[in-house]
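Enquirer: What follows is a single structure, and I will ask about it in a moment.
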Amino acid sequence: VLILLVAFAFACGLNQLFWYYARMKKAECEQDSGLDEYCSKDIFKHFSNLFESLQTLFWGTFGLIDLQTFQIYKKHTFTMFIGLTMYGVYSSIMIIVLLNMLIAMMSNSYQYIANSTDTEWKFARAKLWTSYFEDGGTLPPPFNIIPSPKSIFYTCRYLHRRAFSCSKTQMRNRWHSIKFIENLSDK
């Protein structure tokens, strides 16, 4: 918003300063073809209205406007001096504003990272601790010799499966018989 405000203010000022000369250049280009240097480059368009002034200042922020833009066909040195001074002040202000915005954005990013460092450190520490845990072990090393309720449950479940469940070949045969009965019922 601040950049737009500054650009609009300078565009209004430069438009008011150069609009007369832009119209005069345009009229002279339409009348006389001997001014090919000015007419071929459309120099008179840069400050002819507010939109063109904003465009000129926008591209001037990136250094794409040369000082030839501020040349007036009729040498009015005071007007050219004021225009160039205004453009120089505009360029300086834009550099300062853009640099301050960059500093503010970097400061904000740093502050965000600095605020979350404690949380990130705790998360990394907890992740490191959990990497030392075993899947089956629920007790710390001196007590892991004693069977835990979890290990007793896993042992009982293993024994139950071994004693009361079918083998893999029996399960495969059962599925084949079910598929065979389904095939018979479809016919």
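Chain identifiers are assigned as A, B, and so on, following the order in which chains appear in the structure tokens; residues are numbered from 1 within each chain, and ligands are numbered from 1 in order of appearance.
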So which bits of segment 45-179 of chain A end up alpha helix (DSSP H) when you DSSP the backbone, as a PyMOL selection string?

Expert: chain A and resi 50-61+77-115+117-131+149-164+168-179

Enquirer: Save out the residues we just selected, C-alpha atoms, as an mmCIF file, in the first residue's frame.

Expert:
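Produced file out_15.cif, reproduced below:
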data_model
loop_
_atom_site.group_PDB
_atom_site.id
_atom_site.type_symbol
_atom_site.label_atom_id
_atom_site.label_comp_id
_atom_site.auth_asym_id
_atom_site.auth_seq_id
_atom_site.Cartn_x
_atom_site.Cartn_y
_atom_site.Cartn_z
ATOM 1 C CA LEU A 50 -1.785 9.426 -15.355
ATOM 2 C CA PHE A 51 -1.784 5.796 -16.506
ATOM 3 C CA GLU A 52 1.288 6.320 -18.693
ATOM 4 C CA SER A 53 2.993 8.124 -15.809
ATOM 5 C CA LEU A 54 2.297 5.196 -13.476
ATOM 6 C CA GLN A 55 3.598 2.771 -16.079
ATOM 7 C CA THR A 56 6.759 4.808 -16.579
ATOM 8 C CA LEU A 57 7.432 4.962 -12.841
ATOM 9 C CA PHE A 58 6.679 1.253 -12.421
ATOM 10 C CA TRP A 59 9.242 0.263 -15.028
ATOM 11 C CA GLY A 60 11.568 2.955 -13.694
ATOM 12 C CA THR A 61 11.608 1.118 -10.365
ATOM 13 C CA THR A 77 16.055 23.323 -18.528
ATOM 14 C CA PHE A 78 14.275 24.259 -15.301
ATOM 15 C CA THR A 79 11.366 21.889 -16.040
ATOM 16 C CA MET A 80 13.779 19.126 -17.030
ATOM 17 C CA PHE A 81 15.776 19.708 -13.829
ATOM 18 C CA ILE A 82 12.648 19.531 -11.659
ATOM 19 C CA GLY A 83 11.470 16.375 -13.493
ATOM 20 C CA LEU A 84 14.828 14.654 -13.111
ATOM 21 C CA THR A 85 15.026 15.690 -9.456
ATOM 22 C CA MET A 86 11.540 14.293 -8.813
ATOM 23 C CA TYR A 87 12.472 11.042 -10.557
ATOM 24 C CA GLY A 88 15.689 10.809 -8.509
ATOM 25 C CA VAL A 89 13.798 11.363 -5.264
ATOM 26 C CA TYR A 90 11.207 8.772 -6.381
ATOM 27 C CA SER A 91 13.934 6.228 -7.152
ATOM 28 C CA SER A 92 15.617 6.845 -3.796
ATOM 29 C CA ILE A 93 12.368 6.534 -1.873
ATOM 30 C CA MET A 94 11.417 3.346 -3.709
ATOM 31 C CA ILE A 95 14.788 1.779 -2.981
ATOM 32 C CA ILE A 96 14.510 2.696 0.703
ATOM 33 C CA VAL A 97 10.904 1.463 0.964
ATOM 34 C CA LEU A 98 11.629 -1.785 -0.865
ATOM 35 C CA LEU A 99 14.762 -2.405 1.191
ATOM 36 C CA ASN A 100 12.863 -1.763 4.424
ATOM 37 C CA MET A 101 10.122 -4.133 3.297
ATOM 38 C CA LEU A 102 12.739 -6.810 2.591
ATOM 39 C CA ILE A 103 14.291 -6.296 6.031
ATOM 40 C CA ALA A 104 10.861 -6.468 7.677
ATOM 41 C CA MET A 105 9.974 -9.686 5.860
ATOM 42 C CA MET A 106 13.281 -11.302 6.790
ATOM 43 C CA SER A 107 12.887 -10.177 10.397
ATOM 44 C CA ASN A 108 9.379 -11.613 10.517
ATOM 45 C CA SER A 109 10.590 -14.942 9.102
ATOM 46 C CA TYR A 110 13.452 -15.063 11.602
ATOM 47 C CA GLN A 111 11.103 -14.277 14.497
ATOM 48 C CA TYR A 112 8.718 -17.052 13.408
ATOM 49 C CA ILE A 113 11.584 -19.561 13.261
ATOM 50 C CA ALA A 114 13.042 -18.363 16.570
ATOM 51 C CA ASN A 115 9.664 -18.752 18.295
ATOM 52 C CA THR A 117 12.860 -23.513 17.917
ATOM 53 C CA ASP A 118 12.035 -24.801 21.424
ATOM 54 C CA THR A 119 9.117 -26.856 20.111
ATOM 55 C CA GLU A 120 11.176 -28.222 17.230
ATOM 56 C CA TRP A 121 14.016 -29.159 19.581
ATOM 57 C CA LYS A 122 11.636 -31.008 21.919
ATOM 58 C CA PHE A 123 10.091 -32.836 18.985
ATOM 59 C CA ALA A 124 13.520 -33.913 17.688
ATOM 60 C CA ARG A 125 14.550 -35.058 21.171
ATOM 61 C CA ALA A 126 11.367 -37.119 21.601
ATOM 62 C CA LYS A 127 11.860 -38.646 18.151
ATOM 63 C CA LEU A 128 15.415 -39.618 19.091
ATOM 64 C CA TRP A 129 14.197 -41.217 22.321
ATOM 65 C CA THR A 130 11.532 -43.236 20.533
ATOM 66 C CA SER A 131 14.095 -44.529 18.037
ATOM 67 C CA PRO A 149 1.659 -58.188 30.571
ATOM 68 C CA LYS A 150 2.165 -57.285 26.939
ATOM 69 C CA SER A 151 4.669 -60.104 26.374
ATOM 70 C CA ILE A 152 2.379 -62.564 28.191
ATOM 71 C CA PHE A 153 -0.495 -61.506 25.908
ATOM 72 C CA TYR A 154 1.654 -61.966 22.777
ATOM 73 C CA THR A 155 2.753 -65.438 23.992
ATOM 74 C CA CYS A 156 -0.827 -66.529 24.700
ATOM 75 C CA ARG A 157 -2.012 -65.279 21.342
ATOM 76 C CA TYR A 158 0.799 -67.135 19.563
ATOM 77 C CA LEU A 159 0.030 -70.377 21.375
ATOM 78 C CA HIS A 160 -3.697 -70.022 20.668
ATOM 79 C CA ARG A 161 -3.065 -69.519 16.963
ATOM 80 C CA ARG A 162 -0.692 -72.495 16.808
ATOM 81 C CA ALA A 163 -3.007 -74.803 18.691
ATOM 82 C CA PHE A 164 -6.467 -73.872 17.422
ATOM 83 C CA LYS A 168 -1.825 -72.292 5.557
ATOM 84 C CA THR A 169 -2.437 -75.306 3.326
ATOM 85 C CA GLN A 170 -5.735 -76.024 5.095
ATOM 86 C CA MET A 171 -6.783 -72.396 4.655
ATOM 87 C CA ARG A 172 -5.872 -72.557 0.963
ATOM 88 C CA ASN A 173 -7.864 -75.751 0.506
ATOM 89 C CA ARG A 174 -10.837 -74.213 2.309
ATOM 90 C CA TRP A 175 -10.802 -71.210 -0.060
ATOM 91 C CA HIS A 176 -10.532 -73.499 -3.075
ATOM 92 C CA SER A 177 -13.546 -75.465 -1.938
ATOM 93 C CA ILE A 178 -15.547 -72.279 -1.390
ATOM 94 C CA LYS A 179 -14.639 -71.090 -4.904
#

Enquirer: I'd like the interatomic distance between atom CA of Lys74 of chain A and atom CA of Phe62 of chain A, to a tenth of an Å.

Expert: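 Result for atom CA of Lys74 of chain A versus atom CA of Phe62 of chain A: 28.4 Å, one decimal.
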
Enquirer: Counting only C-alpha atoms, which of A:Pro141, A:Pro147, A:Leu64, A:Lys45 gets nearest to Lys26 of chain A?

Expert: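 Looking at the shortest contact to Lys26 of chain A, the residue is A:Lys45.
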
Enquirer: Using only C-alpha atoms, which residues sit within 8 Å of Leu14 of chain A once same-chain residues fewer than 2 positions away are excluded, as a list of chain:residue names?

Expert: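 Result of the neighbour search: A:Phe10, A:Ala11, A:Cys12, A:Gln16, A:Leu17, A:Phe18, A:Phe47, A:Ser53, A:Gly83, A:Met86.
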
Enquirer: Take the residues from that selection and put them in a file with C-alpha atoms, as a short mmCIF file (atom, residue, chain, number, x, y, z; two decimals), in the first residue's frame.

Expert:
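For reference, again_36.cif as written:
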data_model
loop_
_atom_site.label_atom_id
_atom_site.label_comp_id
_atom_site.auth_asym_id
_atom_site.auth_seq_id
_atom_site.Cartn_x
_atom_site.Cartn_y
_atom_site.Cartn_z
CA PHE A 10 4.95 10.91 -7.91
CA ALA A 11 2.96 9.89 -11.00
CA CYS A 12 0.52 12.72 -10.35
CA GLN A 16 1.28 17.58 -14.03
CA LEU A 17 4.81 18.66 -14.83
CA PHE A 18 5.14 17.01 -18.25
CA PHE A 47 3.85 11.31 -19.23
CA SER A 53 2.99 8.12 -15.81
CA GLY A 83 11.47 16.38 -13.49
CA MET A 86 11.54 14.29 -8.81
#

Enquirer: Quick check, in Å to one decimal: how far apart do atom CA of His46 of chain A and atom CA of Phe70 of chain A lie?

Expert: 8.8 Å

Enquirer: Could you please determine the separation between atom CA of Ser148 of chain A and atom CA of Phe133 of chain A in Å, to one decimal place?

Expert: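 Computing the Euclidean distance for atom CA of Ser148 of chain A and atom CA of Phe133 of chain A yields 15.0 Å.
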